[in-house]
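Student: Below is the structure I would like to discuss, written out as structure tokens.
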Amino acid sequence: MLRKHLRTAPLLVLVLSVFRGHTLTCRRSEYLIGDKCCPTCSAGSGLKIKTACTTTSDTVCEPLEGFYCTDSSENGCVKAEKHSSCQPGQYIRQKGTAFRNTECSACSGGTFSDGTLSPSCQPHTQCEALNLQLIKPGNASSDAECGEPVSGFLLGAGIGLVVGLLTCLVIRLQ
């Protein structure tokens, strides 16, 4: 009786392995190629397919544009993050790549950056050199604000008018 069970066991294993291939279901993060479950490269995780899965090799993922790989294996990138954005007052010192984050640096005195994708800080506008009046000095995140200069005649007329009105007011109060 024991011999009979020993002869049927390999046959049972063979039958189960044949049917196992027909009922293979992959996990949510995988897809089926033939009889193999292959990992996906989810755009939601900042990845895309570099090399598709075959029956002999796994999927190879790489970062999407604007992302860099933070965890890699022999099968490519496993995890990616979005490149950092430089803040106002900073410029892009080193543009991000597929394997390195963007590097930002602070603007030095006399220059500014509004936080756009500028590779350098811009010098503040020199109002006086443009024959304009400085209204607001620039800082690391904004340019200087310039305005039309007030002419000497208008300035004198304005001061004269104010002094005249004050004199009339004082005389009337007495």
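Scheme for the structure tokens: letters A, B, ... for chains in order shown; per-chain residue numbers from 1; ligand numbers from 1 in order shown.
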Got a sec to tell me which of range 14-147 of chain A DSSP assigns to strand (DSSP E or B), as a PyMOL selection string?
Tutor: chain A and resi 30-33+36-39+47-51+60-63+67-73+76-82+90-94+103-106+111-112+122-123+133-136+139+142+145-147
Student: Range 84-98 of chain A: which residues within 10 Å, counting only C-alpha atoms, same-chain residues fewer than 3 positions away excluded, as JSON, numbers by chain?
Tutor: {"A": [62, 63, 64, 65, 66, 67, 68, 69, 70, 77, 80, 81, 101, 102, 103, 104, 105, 106, 107, 108, 111, 112, 113, 114, 115, 116, 117, 118, 119, 120, 121, 122, 139, 140, 141, 142]}
Student: Extract, using only C-alpha atoms, all DNA, RNA and protein residues at most 6 Å from His124 in chain A, discarding same-chain residues fewer than 3 positions from it, and format them as a PDB file with C-alpha atoms, in the first residue's frame.
Tutor:
ATOM      1  CA  GLY A 110      23.518  92.876  -4.968  1.00  0.00           C
ATOM      2  CA  THR A 111      21.753  90.005  -6.754  1.00  0.00           C
ATOM      3  CA  ASP A 143      14.708  93.334  -7.838  1.00  0.00           C
ATOM      4  CA  ALA A 144      14.974  97.003  -6.904  1.00  0.00           C
TER       5      ALA A 144
END
Student: May I ask which of the residues A:Phe99, A:Gln133, A:Glu74, A:Pro39 is the closest one to Thr59 in chain A, counting only C-alpha atoms?
Tutor: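 Smallest separation from Thr59 in chain A among the options: A:Pro39.
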Student: If you count only C-alpha atoms, which residues fall within 10 Å of Asn131 in chain A, apart from same-chain ones fewer than 6 positions away, as a list in words?
Tutor: Cys146, Gly147, Glu148 and Pro149 of chain A
Student: Kindly give the distance, in Å, that separates CA of Glu128 in chain A and CA of Leu161 in chain A, rounded to a single decimal.
Tutor: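 These atoms are spaced 27.8 Å apart.
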Student: Please compute the CA of His83 in chain A-CA of Gly138 in chain A distance, one decimal, in Å.
Tutor: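 CA of Gly138 in chain A lies at a distance of 28.3 Å from CA of His83 in chain A.
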Student: What's around Thr51 in chain A at 10 Å? Count only C-alpha atoms, leave out sequence neighbours fewer than 6 positions away in its own chain, and write the answer as a count of residues only.
Tutor: 8
Student: If I take CA of Val78 in chain A and CA of Gly46 in chain A, how far is one from the other in Å, to one decimal?
Tutor: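 So the two atoms, CA of Val78 in chain A and CA of Gly46 in chain A, lie 9.7 Å apart.
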Student: Which residue gives the smallest distance to Gly44 in chain A among A:Lys82, A:Gln174, A:Arg100, A:Arg27, with only C-alpha atoms counted?
Tutor: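 Counting only C-alpha atoms, the residue closest to Gly44 in chain A is A:Lys82.
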